[in-house]
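**Student:** Input file: input28.cif. Contents: mmCIF, C-alpha atoms.
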```cif
data_final
#
loop_
_atom_site.label_atom_id
_atom_site.label_comp_id
_atom_site.auth_asym_id
_atom_site.auth_seq_id
_atom_site.Cartn_x
_atom_site.Cartn_y
_atom_site.Cartn_z
CA MET A 1 0.00 0.00 0.00
CA ALA A 2 2.62 2.51 1.11
CA ALA A 3 4.83 1.50 -1.83
CA MET A 4 1.96 2.05 -4.26
CA ASP A 5 1.25 5.42 -2.67
CA SER A 6 4.83 6.57 -3.06
CA ARG A 7 4.90 5.29 -6.64
CA ARG A 8 1.71 7.21 -7.44
CA ARG A 9 3.04 10.35 -5.76
CA MET A 10 6.21 10.17 -7.88
CA VAL A 11 4.19 9.95 -11.08
CA GLU A 12 1.91 12.82 -10.04
CA THR A 13 4.80 15.01 -8.95
CA THR A 14 6.64 14.33 -12.20
CA ALA A 15 3.55 15.16 -14.25
CA ARG A 16 3.16 18.44 -12.37
CA LEU A 17 6.81 19.38 -12.79
CA LEU A 18 6.85 18.49 -16.50
CA TRP A 19 3.70 20.55 -16.94
CA SER A 20 5.15 23.73 -15.52
CA GLN A 21 8.86 23.50 -16.23
CA GLY A 22 9.43 20.85 -18.89
CA LEU A 23 11.66 17.80 -19.18
CA ARG A 24 15.12 19.23 -19.05
CA ALA A 25 14.56 21.31 -15.91
CA THR A 26 13.02 18.38 -14.03
CA GLY A 27 15.61 16.30 -12.21
CA MET A 28 15.25 13.08 -10.28
CA SER A 29 16.32 14.74 -7.02
CA GLN A 30 13.57 17.38 -7.31
CA ILE A 31 11.03 14.61 -7.97
CA VAL A 32 12.18 12.66 -4.90
CA GLU A 33 12.12 15.79 -2.77
CA GLU A 34 8.75 17.14 -3.87
CA SER A 35 6.99 13.76 -3.88
CA LYS A 36 8.35 13.09 -0.36
CA ALA A 37 9.10 9.57 -1.57
CA PRO A 38 11.68 7.52 0.31
CA ARG A 39 15.01 8.27 -1.35
CA GLY A 40 16.21 5.15 -3.14
CA SER A 41 12.70 3.93 -3.90
CA ILE A 42 12.61 5.85 -7.17
CA TYR A 43 14.91 3.38 -8.95
CA PHE A 44 13.04 0.50 -7.33
CA HIS A 45 9.80 1.67 -8.97
CA PHE A 46 11.40 3.05 -12.13
CA PRO A 47 14.49 0.95 -12.87
CA GLU A 48 14.94 2.65 -16.26
CA GLY A 49 15.14 6.04 -14.58
CA LYS A 50 13.86 9.41 -15.64
CA GLU A 51 12.69 8.43 -19.13
CA GLN A 52 10.46 5.69 -17.74
CA LEU A 53 9.04 7.95 -15.04
CA ALA A 54 8.49 10.81 -17.50
CA ALA A 55 6.75 8.50 -19.98
CA GLU A 56 4.35 7.31 -17.29
CA ALA A 57 3.74 10.87 -16.04
CA LEU A 58 2.99 12.10 -19.56
CA ARG A 59 0.51 9.29 -20.13
CA ALA A 60 -1.18 10.15 -16.80
CA ALA A 61 -1.35 13.87 -17.69
CA GLY A 62 -2.62 12.94 -21.13
CA ALA A 63 -5.38 10.85 -19.57
CA VAL A 64 -6.55 13.77 -17.42
CA MET A 65 -6.75 15.98 -20.50
CA THR A 66 -8.52 13.17 -22.39
CA ALA A 67 -11.18 13.11 -19.65
CA ASN A 68 -11.56 16.89 -19.93
CA ILE A 69 -11.90 16.74 -23.72
CA ARG A 70 -14.40 13.89 -23.44
CA GLU A 71 -16.47 15.83 -20.91
CA ALA A 72 -16.52 18.95 -23.09
CA LEU A 73 -17.38 16.94 -26.21
CA ALA A 74 -20.44 15.48 -24.49
CA LEU A 75 -22.12 18.83 -25.12
CA ARG A 76 -24.63 18.86 -27.96
CA ASP A 77 -23.03 21.65 -29.91
CA ALA A 78 -19.40 21.22 -31.03
CA GLY A 79 -18.76 24.98 -30.96
CA ALA A 80 -20.06 25.14 -27.38
CA ALA A 81 -17.80 22.19 -26.50
CA ILE A 82 -14.75 24.09 -27.74
CA ARG A 83 -15.78 27.20 -25.80
CA ARG A 84 -16.26 25.13 -22.62
CA PHE A 85 -12.86 23.52 -23.04
CA VAL A 86 -11.18 26.87 -23.73
CA ALA A 87 -12.82 28.47 -20.68
CA VAL A 88 -11.45 25.69 -18.44
CA TYR A 89 -7.90 26.00 -19.78
CA ALA A 90 -7.94 29.81 -19.82
CA ARG A 91 -8.81 29.71 -16.11
CA GLU A 92 -6.10 27.10 -15.46
CA MET A 93 -3.53 29.31 -17.17
CA ARG A 94 -4.58 32.43 -15.28
CA ASP A 95 -4.78 30.64 -11.93
CA SER A 96 -1.29 29.18 -12.39
CA ASP A 97 0.12 32.59 -13.38
CA PHE A 98 0.68 31.09 -16.86
CA HIS A 99 2.88 28.31 -15.55
CA HIS A 100 0.38 25.76 -16.88
CA GLY A 101 -0.47 25.40 -20.53
CA CYS A 102 -0.70 22.09 -22.36
CA PRO A 103 0.84 19.40 -20.10
CA ILE A 104 2.57 17.77 -23.08
CA ALA A 105 3.69 20.55 -25.46
CA THR A 106 6.85 21.75 -23.69
CA VAL A 107 8.15 18.21 -23.32
CA ALA A 108 7.21 17.33 -26.92
CA LEU A 109 9.35 20.20 -28.22
CA GLU A 110 12.25 19.46 -25.89
CA ALA A 111 12.17 15.73 -26.63
CA ALA A 112 12.01 16.19 -30.41
CA THR A 113 15.80 16.36 -30.48
CA THR A 114 16.78 14.64 -27.27
CA SER A 115 14.65 11.58 -26.55
CA ALA A 116 12.97 9.36 -29.12
CA PRO A 117 11.00 7.35 -26.50
CA ILE A 118 9.59 10.47 -24.80
CA ARG A 119 8.82 12.05 -28.16
CA ALA A 120 6.93 8.90 -29.13
CA VAL A 121 4.84 9.04 -25.92
CA CYS A 122 3.93 12.68 -26.69
CA ALA A 123 2.93 11.69 -30.24
CA GLU A 124 0.77 8.88 -28.83
CA VAL A 125 -1.00 11.28 -26.41
CA PHE A 126 -1.63 13.85 -29.16
CA ALA A 127 -2.95 11.08 -31.45
CA GLY A 128 -5.42 10.03 -28.73
CA TRP A 129 -6.82 13.57 -28.44
CA GLU A 130 -7.02 13.88 -32.22
CA ALA A 131 -8.93 10.60 -32.44
CA LEU A 132 -11.45 11.81 -29.82
CA LEU A 133 -12.06 15.04 -31.72
CA ALA A 134 -12.31 13.29 -35.08
CA GLU A 135 -14.77 10.76 -33.69
CA ARG A 136 -17.04 13.55 -32.45
CA LEU A 137 -16.86 15.37 -35.80
CA ARG A 138 -17.75 12.10 -37.57
CA ARG A 139 -20.79 11.74 -35.32
CA ASP A 140 -21.80 15.24 -36.40
CA GLY A 141 -21.94 13.92 -39.96
CA ARG A 142 -18.57 14.95 -41.36
CA ARG A 143 -16.74 12.76 -43.82
CA ARG A 144 -13.80 10.79 -42.44
CA ALA A 145 -11.07 12.84 -44.20
CA GLU A 146 -12.65 16.15 -43.22
CA ALA A 147 -13.17 15.05 -39.61
CA ARG A 148 -9.53 13.94 -39.35
CA ARG A 149 -8.22 17.17 -40.85
CA LEU A 150 -10.47 19.34 -38.70
CA ALA A 151 -9.30 17.47 -35.59
CA VAL A 152 -5.70 18.37 -36.48
CA VAL A 153 -6.80 21.98 -37.02
CA ILE A 154 -8.55 22.17 -33.62
CA LEU A 155 -5.62 20.64 -31.76
CA SER A 156 -3.06 22.83 -33.58
CA LEU A 157 -5.08 25.97 -32.87
CA LEU A 158 -5.36 25.22 -29.17
CA GLU A 159 -1.71 24.20 -28.82
CA GLY A 160 -0.46 27.22 -30.75
CA ALA A 161 -2.73 29.63 -28.90
CA MET A 162 -1.49 28.30 -25.56
CA ILE A 163 2.10 29.12 -26.59
CA LEU A 164 1.04 32.68 -27.45
CA CYS A 165 -0.97 32.99 -24.21
CA ARG A 166 1.96 31.93 -22.07
CA ALA A 167 4.39 34.23 -23.91
CA ARG A 168 1.98 37.18 -23.70
CA GLN A 169 0.65 36.32 -20.22
CA SER A 170 -2.85 36.79 -21.53
CA THR A 171 -5.69 34.45 -22.44
CA ALA A 172 -6.73 36.60 -25.42
CA PRO A 173 -5.20 34.28 -28.08
CA LEU A 174 -7.26 31.34 -26.76
CA ARG A 175 -10.42 33.42 -27.00
CA ASP A 176 -9.50 34.46 -30.56
CA VAL A 177 -9.02 30.90 -31.76
CA ALA A 178 -12.17 29.72 -29.95
CA ALA A 179 -14.17 32.34 -31.86
CA HIS A 180 -12.64 31.17 -35.14
CA LEU A 181 -13.40 27.53 -34.33
CA ALA A 182 -16.98 28.25 -33.32
CA GLU A 183 -17.45 29.99 -36.67
CA THR A 184 -15.76 27.16 -38.60
CA LEU A 185 -17.87 24.52 -36.86
CA ARG A 186 -21.11 26.45 -37.48
CA ARG A 187 -20.60 26.21 -41.23
CA PRO A 188 -22.84 23.72 -43.03
CA ILE A 189 -21.42 20.22 -43.07
CA ARG A 190 -20.66 18.67 -46.43
CA THR A 191 -22.09 15.22 -45.98
CA ARG A 192 -20.65 12.08 -47.50
CA PRO A 193 -20.94 12.00 -51.29
CA HIS A 194 -23.62 9.63 -52.56
CA ARG A 195 -22.48 6.85 -54.80
CA ALA A 196 -24.55 5.42 -57.60
CA ALA A 197 -23.80 1.94 -56.30
CA PRO A 198 -21.61 0.57 -53.51
CA PRO A 199 -18.19 -0.62 -54.69
CA VAL A 200 -18.15 -4.34 -55.45
CA PRO A 201 -15.79 -6.15 -53.09
CA GLY A 202 -12.99 -8.33 -54.47
CA MET B 1 36.70 43.28 -36.68
CA ALA B 2 37.69 39.96 -35.14
CA ALA B 3 35.81 40.91 -31.96
CA MET B 4 32.68 41.69 -33.97
CA ASP B 5 33.04 38.40 -35.82
CA SER B 6 33.26 36.40 -32.63
CA ARG B 7 30.31 38.31 -31.16
CA ARG B 8 28.24 37.56 -34.27
CA ARG B 9 29.27 33.90 -34.19
CA MET B 10 28.17 33.64 -30.55
CA VAL B 11 24.74 35.05 -31.37
CA GLU B 12 24.32 32.78 -34.40
CA THR B 13 25.46 29.70 -32.52
CA THR B 14 23.11 30.50 -29.64
CA ALA B 15 20.19 31.00 -32.03
CA ARG B 16 20.91 27.64 -33.66
CA LEU B 17 21.20 25.83 -30.32
CA LEU B 18 18.01 27.42 -28.94
CA TRP B 19 16.24 26.45 -32.15
CA SER B 20 17.05 22.77 -31.90
CA GLN B 21 17.40 22.11 -28.17
CA GLY B 22 15.81 25.00 -26.28
CA LEU B 23 16.96 27.30 -23.50
CA ARG B 24 17.56 24.94 -20.62
CA ALA B 25 19.76 22.52 -22.56
CA THR B 26 21.91 25.30 -23.99
CA GLY B 27 24.83 26.17 -21.73
CA MET B 28 27.43 28.90 -22.03
CA SER B 29 30.25 26.38 -22.39
CA GLN B 30 28.56 24.73 -25.40
CA ILE B 31 28.06 28.16 -26.98
CA VAL B 32 31.73 29.03 -26.50
CA GLU B 33 32.83 25.67 -27.85
CA GLU B 34 30.58 25.58 -30.92
CA SER B 35 31.05 29.23 -31.85
CA LYS B 36 34.84 28.75 -31.59
CA ALA B 37 34.89 32.08 -29.76
CA PRO B 38 37.85 32.92 -27.55
CA ARG B 39 36.97 31.62 -24.10
CA GLY B 40 36.47 34.58 -21.79
CA SER B 41 35.23 36.86 -24.54
CA ILE B 42 31.65 35.76 -23.97
CA TYR B 43 31.28 37.81 -20.78
CA PHE B 44 33.09 40.69 -22.44
CA HIS B 45 30.43 40.82 -25.16
CA PHE B 46 27.53 39.74 -22.95
CA PRO B 47 28.21 41.01 -19.44
CA GLU B 48 24.72 40.01 -18.31
CA GLY B 49 25.38 36.42 -19.34
CA LYS B 50 23.12 33.81 -20.87
CA GLU B 51 19.88 35.80 -20.66
CA GLN B 52 21.36 38.70 -22.59
CA LEU B 53 22.87 36.40 -25.22
CA ALA B 54 19.64 34.38 -25.54
CA ALA B 55 17.55 37.55 -25.89
CA GLU B 56 19.76 38.77 -28.73
CA ALA B 57 19.77 35.34 -30.40
CA LEU B 58 15.98 35.12 -30.23
CA ARG B 59 15.60 38.57 -31.78
CA ALA B 60 18.03 37.53 -34.57
CA ALA B 61 16.14 34.28 -35.21
CA GLY B 62 12.86 36.23 -35.12
CA ALA B 63 14.20 38.63 -37.74
CA VAL B 64 15.10 35.76 -40.09
CA MET B 65 11.57 34.39 -39.75
CA THR B 66 10.14 37.91 -40.23
CA ALA B 67 12.02 38.14 -43.54
CA ASN B 68 10.63 34.75 -44.60
CA ILE B 69 7.07 35.77 -43.68
CA ARG B 70 7.48 39.09 -45.51
CA GLU B 71 8.77 37.30 -48.62
CA ALA B 72 5.88 34.83 -48.61
CA LEU B 73 3.32 37.61 -48.01
CA ALA B 74 4.56 39.47 -51.09
CA LEU B 75 2.61 36.91 -53.13
CA ARG B 76 -0.65 38.17 -54.61
CA ASP B 77 -2.83 35.50 -53.07
CA ALA B 78 -2.85 35.13 -49.27
CA GLY B 79 -3.66 31.40 -49.48
CA ALA B 80 -0.71 30.88 -51.83
CA ALA B 81 1.49 32.85 -49.40
CA ILE B 82 0.58 30.47 -46.57
CA ARG B 83 1.26 27.45 -48.76
CA ARG B 84 4.66 28.87 -49.80
CA PHE B 85 5.57 29.51 -46.18
CA VAL B 86 4.44 26.05 -45.08
CA ALA B 87 6.39 24.38 -47.90
CA VAL B 88 9.59 26.15 -46.77
CA TYR B 89 9.17 25.15 -43.12
CA ALA B 90 8.08 21.61 -43.93
CA ARG B 91 11.31 21.17 -45.88
CA GLU B 92 13.32 22.74 -43.03
CA MET B 93 11.78 20.29 -40.57
CA ARG B 94 12.39 17.27 -42.77
CA ASP B 95 15.96 18.32 -43.65
CA SER B 96 16.81 18.82 -39.98
CA ASP B 97 15.32 15.44 -39.05
CA PHE B 98 12.64 17.39 -37.14
CA HIS B 99 15.19 19.13 -34.93
CA HIS B 100 14.02 22.48 -36.31
CA GLY B 101 10.51 23.82 -35.88
CA CYS B 102 9.68 27.35 -34.81
CA PRO B 103 12.91 28.99 -33.57
CA ILE B 104 11.04 30.65 -30.68
CA ALA B 105 8.35 28.22 -29.46
CA THR B 106 10.45 25.84 -27.33
CA VAL B 107 12.11 28.72 -25.52
CA ALA B 108 8.79 30.56 -25.07
CA LEU B 109 7.33 27.55 -23.27
CA GLU B 110 10.43 26.95 -21.17
CA ALA B 111 10.76 30.62 -20.25
CA ALA B 112 7.10 31.01 -19.29
CA THR B 113 7.94 29.79 -15.81
CA THR B 114 11.65 30.47 -15.56
CA SER B 115 12.61 33.81 -17.12
CA ALA B 116 10.42 36.89 -17.41
CA PRO B 117 12.91 38.79 -19.65
CA ILE B 118 13.25 35.91 -22.13
CA ARG B 119 9.51 35.33 -22.12
CA ALA B 120 9.01 39.02 -22.93
CA VAL B 121 11.40 38.79 -25.89
CA CYS B 122 9.45 35.79 -27.23
CA ALA B 123 6.19 37.74 -26.85
CA GLU B 124 7.73 40.67 -28.71
CA VAL B 125 8.85 38.42 -31.61
CA PHE B 126 5.42 36.76 -31.85
CA ALA B 127 3.75 40.20 -31.80
CA GLY B 128 5.93 41.29 -34.72
CA TRP B 129 4.87 38.31 -36.82
CA GLU B 130 1.22 38.85 -35.89
CA ALA B 131 1.44 42.50 -36.93
CA LEU B 132 2.90 41.53 -40.33
CA LEU B 133 0.09 39.05 -40.95
CA ALA B 134 -2.61 41.47 -39.77
CA GLU B 135 -1.23 44.21 -41.98
CA ARG B 136 -1.43 41.97 -45.05
CA LEU B 137 -5.00 40.90 -44.19
CA ARG B 138 -5.96 44.57 -43.82
CA ARG B 139 -4.52 45.29 -47.27
CA ASP B 140 -6.76 42.49 -48.58
CA GLY B 141 -9.73 44.50 -47.34
CA ARG B 142 -10.47 42.89 -43.97
CA ARG B 143 -11.68 44.94 -41.05
CA ARG B 144 -9.13 45.71 -38.36
CA ALA B 145 -10.61 43.41 -35.69
CA GLU B 146 -11.03 40.52 -38.13
CA ALA B 147 -7.50 40.95 -39.51
CA ARG B 148 -6.05 40.95 -36.00
CA ARG B 149 -7.99 37.87 -34.96
CA LEU B 150 -7.17 35.99 -38.17
CA ALA B 151 -3.47 36.79 -37.68
CA VAL B 152 -3.63 35.13 -34.24
CA VAL B 153 -5.42 32.16 -35.83
CA ILE B 154 -2.77 31.77 -38.56
CA LEU B 155 0.13 32.01 -36.12
CA SER B 156 -1.52 29.62 -33.62
CA LEU B 157 -2.24 27.09 -36.35
CA LEU B 158 1.32 27.11 -37.63
CA GLU B 159 2.86 26.99 -34.15
CA GLY B 160 0.55 24.20 -33.01
CA ALA B 161 1.02 22.18 -36.19
CA MET B 162 4.80 22.40 -35.81
CA ILE B 163 4.52 20.84 -32.34
CA LEU B 164 2.47 17.98 -33.78
CA CYS B 165 4.87 17.58 -36.73
CA ARG B 166 7.89 17.31 -34.45
CA ALA B 167 6.16 14.86 -32.12
CA ARG B 168 4.93 12.72 -35.00
CA GLN B 169 8.04 13.19 -37.16
CA SER B 170 5.82 13.99 -40.10
CA THR B 171 4.92 17.17 -41.96
CA ALA B 172 1.30 16.05 -42.43
CA PRO B 173 -0.14 18.34 -39.69
CA LEU B 174 1.37 21.41 -41.40
CA ARG B 175 -0.21 20.39 -44.69
CA ASP B 176 -3.58 19.88 -42.93
CA VAL B 177 -3.59 23.34 -41.40
CA ALA B 178 -2.37 24.94 -44.63
CA ALA B 179 -5.36 23.43 -46.43
CA HIS B 180 -7.72 24.77 -43.74
CA LEU B 181 -6.15 28.22 -43.94
CA ALA B 182 -6.29 28.34 -47.74
CA GLU B 183 -10.00 27.52 -47.48
CA THR B 184 -10.59 30.11 -44.73
CA LEU B 185 -8.78 32.82 -46.69
CA ARG B 186 -10.67 32.00 -49.90
CA ARG B 187 -13.98 32.83 -48.22
CA PRO B 188 -15.52 36.16 -49.24
CA ILE B 189 -14.21 39.05 -47.18
CA ARG B 190 -16.76 40.94 -45.12
CA THR B 191 -15.81 44.48 -45.92
CA ARG B 192 -16.21 47.38 -43.55
CA PRO B 193 -19.87 48.12 -42.84
CA HIS B 194 -21.35 50.84 -44.99
CA ARG B 195 -22.75 53.89 -43.30
CA ALA B 196 -25.72 55.82 -44.50
CA ALA B 197 -23.64 58.95 -44.69
CA PRO B 198 -19.96 59.68 -44.03
CA PRO B 199 -19.40 61.08 -40.56
CA VAL B 200 -19.22 64.85 -40.57
CA PRO B 201 -15.79 66.00 -39.47
CA GLY B 202 -15.46 68.44 -36.59
#
```
Reformat the file's structure so that it appears as structure tokens.

**Tutor:**
Amino acid sequence: MAAMDSRRRMVETTARLLWSQGLRATGMSQIVEESKAPRGSIYFHFPEGKEQLAAEALRAAGAVMTANIREALALRDAGAAIRRFVAVYAREMRDSDFHHGCPIATVALEAATTSAPIRAVCAEVFAGWEALLAERLRRDGRRRAEARRLAVVILSLLEGAMILCRARQSTAPLRDVAAHLAETLRRPIRTRPHRAAPPVPG
Amino acid sequence: MAAMDSRRRMVETTARLLWSQGLRATGMSQIVEESKAPRGSIYFHFPEGKEQLAAEALRAAGAVMTANIREALALRDAGAAIRRFVAVYAREMRDSDFHHGCPIATVALEAATTSAPIRAVCAEVFAGWEALLAERLRRDGRRRAEARRLAVVILSLLEGAMILCRARQSTAPLRDVAAHLAETLRRPIRTRPHRAAPPVPG
């Protein structure tokens, strides 16, 4: 029990540190100290060291965001879902004095040149969010290719706006992109093209 | 002359290192080594140390990007300008094995919690790019508020897509957002609202 608690605390502490300060600035000794885990137990739980711990922390942070996206997307109107999501993250950024943005982005950029395994975990988390968005857009009647592309557009807009927000210390860029998205999503949906006959298999 | 050369080399080397590996991973000793500058001269040229050097390097990298944006925006069609710009940066990313994305983004995210002066320089560079984009959209006949908002949308999309590209090691996200932008920019422009009569001066 106690061992599981300290393991969980290490993962949570790592996720929090990666969120605010990124991969490079987060050292094992800070994780041990801030998680109040017994020194020495970190390599017992994570024999592969920082990369293993960071990968698990990123997946955990990704799962929290996935739950938030899922909750927002349960709303009837996709534009309203985006606005709800943006309102939550704008508040998070303000409340954290712009220390918190996307929990994955900083690490994804740092890892692009320094750690293939961590980069791959970030790609996997982003792909999960994209799939959620695309699935919702499909349910709204969009064609597969359009839904996939629009999911990339939504994710890119939010990720990019969060960079600008943190640099500017203002949530205005998030509000700007939310307005653009609401407008884009309001536009009539081009439904799937009708075919004269279904393609013959074989 | 030699002193100016070594100063310039330090700034260029720093810009290159920040571009590929970010602020935290870039140390003064690596800058000295890779710029082949005389050891000791770095604090002669940059008495305030790494923050001063990084600020100058970010402004230099920002200016290169500004020139690229300006060149692309000289094209007649705004959608074609975006596609030209995206093609250049997609090639840059591929050629650098996805070590290069936006020369500012990684540092902006790292600095958000660690360095107010560096964060402010990043904000200033982003604001310059936004102003260039907004100016072009105004010339195309868009209203001031719409041009400003659309500039934030374009920059956010490109910044966000570059994160996804680097994580996924693929330029597909950039192509997806370029297609969305070309479509958005093709849409009829809502010109300034007509007034019944011009306002009477005085």

**Student:** Might you pull out every residue within 8 Å of Leu185 (chain B), with all atoms listed in the file counted and same-chain residues fewer than 3 positions away left off, and present them as a ChimeraX atom specification?

**Tutor:** /B:78-79,181-182,188

**Student:** Under the rule of at most 9 Å, produce a per-residue listing of chain B near chain A: chain, number, name, the closest pair of atoms, and the distance in Å, as JSON lines, using all atoms listed in the file.

**Tutor:**
```
{"residue": "B:Ser20", "atom": "CA", "partner": "A:Thr113", "partner_atom": "CA", "distance": 6.7}
{"residue": "B:Gln21", "atom": "CA", "partner": "A:Glu110", "partner_atom": "CA", "distance": 6.2}
{"residue": "B:Gly22", "atom": "CA", "partner": "A:Glu110", "partner_atom": "CA", "distance": 6.6}
{"residue": "B:Arg24", "atom": "CA", "partner": "A:Arg24", "partner_atom": "CA", "distance": 6.4}
{"residue": "B:Ala25", "atom": "CA", "partner": "A:Arg24", "partner_atom": "CA", "distance": 6.7}
{"residue": "B:Asp97", "atom": "CA", "partner": "A:Thr113", "partner_atom": "CA", "distance": 8.6}
{"residue": "B:Phe98", "atom": "CA", "partner": "A:Ala112", "partner_atom": "CA", "distance": 6.9}
{"residue": "B:His99", "atom": "CA", "partner": "A:Thr113", "partner_atom": "CA", "distance": 5.3}
{"residue": "B:His100", "atom": "CA", "partner": "A:Thr113", "partner_atom": "CA", "distance": 8.6}
{"residue": "B:Gly101", "atom": "CA", "partner": "A:Leu109", "partner_atom": "CA", "distance": 8.6}
{"residue": "B:Ala105", "atom": "CA", "partner": "A:Ile163", "partner_atom": "CA", "distance": 6.9}
{"residue": "B:Thr106", "atom": "CA", "partner": "A:Leu109", "partner_atom": "CA", "distance": 5.8}
{"residue": "B:Val107", "atom": "CA", "partner": "A:Thr106", "partner_atom": "CA", "distance": 8.9}
{"residue": "B:Ala108", "atom": "CA", "partner": "A:Ala167", "partner_atom": "CA", "distance": 5.8}
{"residue": "B:Leu109", "atom": "CA", "partner": "A:Thr106", "partner_atom": "CA", "distance": 5.8}
{"residue": "B:Glu110", "atom": "CA", "partner": "A:Gln21", "partner_atom": "CA", "distance": 6.2}
{"residue": "B:Ala111", "atom": "CA", "partner": "A:Ala167", "partner_atom": "CA", "distance": 8.2}
{"residue": "B:Ala112", "atom": "CA", "partner": "A:Arg166", "partner_atom": "CA", "distance": 5.9}
{"residue": "B:Thr113", "atom": "CA", "partner": "A:His99", "partner_atom": "CA", "distance": 5.3}
{"residue": "B:Thr114", "atom": "CA", "partner": "A:Gln21", "partner_atom": "CA", "distance": 7.5}
{"residue": "B:Arg119", "atom": "CA", "partner": "A:Ala167", "partner_atom": "CA", "distance": 5.5}
{"residue": "B:Ala120", "atom": "CA", "partner": "A:Ala167", "partner_atom": "CA", "distance": 6.7}
{"residue": "B:Val121", "atom": "CA", "partner": "A:Ala167", "partner_atom": "CA", "distance": 8.6}
{"residue": "B:Cys122", "atom": "CA", "partner": "A:Ala167", "partner_atom": "CA", "distance": 6.2}
{"residue": "B:Ala123", "atom": "CA", "partner": "A:Ala167", "partner_atom": "CA", "distance": 4.9}
{"residue": "B:Glu124", "atom": "CA", "partner": "A:Arg168", "partner_atom": "CA", "distance": 8.4}
{"residue": "B:Phe126", "atom": "CA", "partner": "A:Leu164", "partner_atom": "CA", "distance": 7.4}
{"residue": "B:Ala127", "atom": "CA", "partner": "A:Arg168", "partner_atom": "CA", "distance": 8.8}
{"residue": "B:Arg149", "atom": "CA", "partner": "A:Asp176", "partner_atom": "CA", "distance": 5.8}
{"residue": "B:Leu150", "atom": "CA", "partner": "A:His180", "partner_atom": "CA", "distance": 7.9}
{"residue": "B:Val152", "atom": "CA", "partner": "A:Pro173", "partner_atom": "CA", "distance": 6.4}
{"residue": "B:Val153", "atom": "CA", "partner": "A:Val177", "partner_atom": "CA", "distance": 5.6}
{"residue": "B:Ile154", "atom": "CA", "partner": "A:Leu157", "partner_atom": "CA", "distance": 8.4}
{"residue": "B:Leu155", "atom": "CA", "partner": "A:Gly160", "partner_atom": "CA", "distance": 7.2}
{"residue": "B:Ser156", "atom": "CA", "partner": "A:Gly160", "partner_atom": "CA", "distance": 3.9}
{"residue": "B:Leu157", "atom": "CA", "partner": "A:Leu157", "partner_atom": "CA", "distance": 4.6}
{"residue": "B:Leu158", "atom": "CA", "partner": "A:Gly160", "partner_atom": "CA", "distance": 7.1}
{"residue": "B:Glu159", "atom": "CA", "partner": "A:Gly160", "partner_atom": "CA", "distance": 4.8}
{"residue": "B:Gly160", "atom": "CA", "partner": "A:Ser156", "partner_atom": "CA", "distance": 3.9}
{"residue": "B:Ala161", "atom": "CA", "partner": "A:Ser156", "partner_atom": "CA", "distance": 4.9}
{"residue": "B:Met162", "atom": "CA", "partner": "A:Ser156", "partner_atom": "CA", "distance": 8.2}
{"residue": "B:Ile163", "atom": "CA", "partner": "A:Leu109", "partner_atom": "CA", "distance": 6.4}
{"residue": "B:Leu164", "atom": "CA", "partner": "A:Ala123", "partner_atom": "CA", "distance": 7.2}
{"residue": "B:Cys165", "atom": "CA", "partner": "A:Ala123", "partner_atom": "CA", "distance": 9.0}
{"residue": "B:Arg166", "atom": "CA", "partner": "A:Ala112", "partner_atom": "CA", "distance": 5.9}
{"residue": "B:Ala167", "atom": "CA", "partner": "A:Ala123", "partner_atom": "CA", "distance": 4.9}
{"residue": "B:Arg168", "atom": "CA", "partner": "A:Ala123", "partner_atom": "CA", "distance": 5.3}
{"residue": "B:Gln169", "atom": "CA", "partner": "A:Ala112", "partner_atom": "CA", "distance": 8.4}
{"residue": "B:Pro173", "atom": "CA", "partner": "A:Val152", "partner_atom": "CA", "distance": 6.4}
{"residue": "B:Asp176", "atom": "CA", "partner": "A:Arg149", "partner_atom": "CA", "distance": 5.8}
{"residue": "B:Val177", "atom": "CA", "partner": "A:Val153", "partner_atom": "CA", "distance": 5.6}
{"residue": "B:Ala179", "atom": "CA", "partner": "A:Arg149", "partner_atom": "CA", "distance": 8.9}
{"residue": "B:His180", "atom": "CA", "partner": "A:Val153", "partner_atom": "CA", "distance": 7.3}
{"residue": "B:Thr184", "atom": "CA", "partner": "A:Thr184", "partner_atom": "CA", "distance": 8.5}
```

**Student:** What gap, in Å, lies between CA of Asp140 (chain A) and CA of Ala87 (chain A)?

**Tutor:**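 Going from CA of Asp140 (chain A) over to CA of Ala87 (chain A) covers 22.4 Å.
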
**Student:** When you count all atoms listed in the file, which of these residues is closest to Ile69 (chain B): B:Ala81, B:Met4, B:Ala134, B:Ala147?

**Tutor:** B:Ala81

**Student:** Using all atoms of region 158-166 of chain B listed in the file and a margin of 6 Å per side, can you give the axis-aligned box centre and edge lengths in Å to one decimal, as AutoDock Vina command-line options?

**Tutor:**
```
--center_x 4.2 --center_y 22.2 --center_z -35.0 --size_x 19.3 --size_y 21.8 --size_z 17.3
```

**Student:** One decimal, Å: what's the distance from CA of Ala54 (chain A) over to CA of Ser35 (chain A), could you say?

**Tutor:**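 Going from CA of Ala54 (chain A) over to CA of Ser35 (chain A), I get 14.0 Å.
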
**Student:** What's the separation between CA of Ala63 (chain A) and CA of Glu183 (chain A), in Å to one decimal place?

**Tutor:** 28.4 Å

**Student:** For Phe44 (chain B), work out the shell of residues within 12 Å, counting all atoms listed in the file and skipping chain neighbours fewer than 5 positions away, then give it as an mmCIF file with C-alpha atoms, keeping the file's coordinate frame.

**Tutor:**
```
data_model
loop_
_atom_site.group_PDB
_atom_site.id
_atom_site.type_symbol
_atom_site.label_atom_id
_atom_site.label_comp_id
_atom_site.auth_asym_id
_atom_site.auth_seq_id
_atom_site.Cartn_x
_atom_site.Cartn_y
_atom_site.Cartn_z
ATOM 1 C CA ALA B 3 35.810 40.910 -31.960
ATOM 2 C CA MET B 4 32.680 41.690 -33.970
ATOM 3 C CA SER B 6 33.260 36.400 -32.630
ATOM 4 C CA ARG B 7 30.310 38.310 -31.160
ATOM 5 C CA MET B 10 28.170 33.640 -30.550
ATOM 6 C CA ALA B 37 34.890 32.080 -29.760
ATOM 7 C CA PRO B 38 37.850 32.920 -27.550
ATOM 8 C CA ARG B 39 36.970 31.620 -24.100
ATOM 9 C CA GLY B 49 25.380 36.420 -19.340
ATOM 10 C CA GLN B 52 21.360 38.700 -22.590
ATOM 11 C CA LEU B 53 22.870 36.400 -25.220
#
```
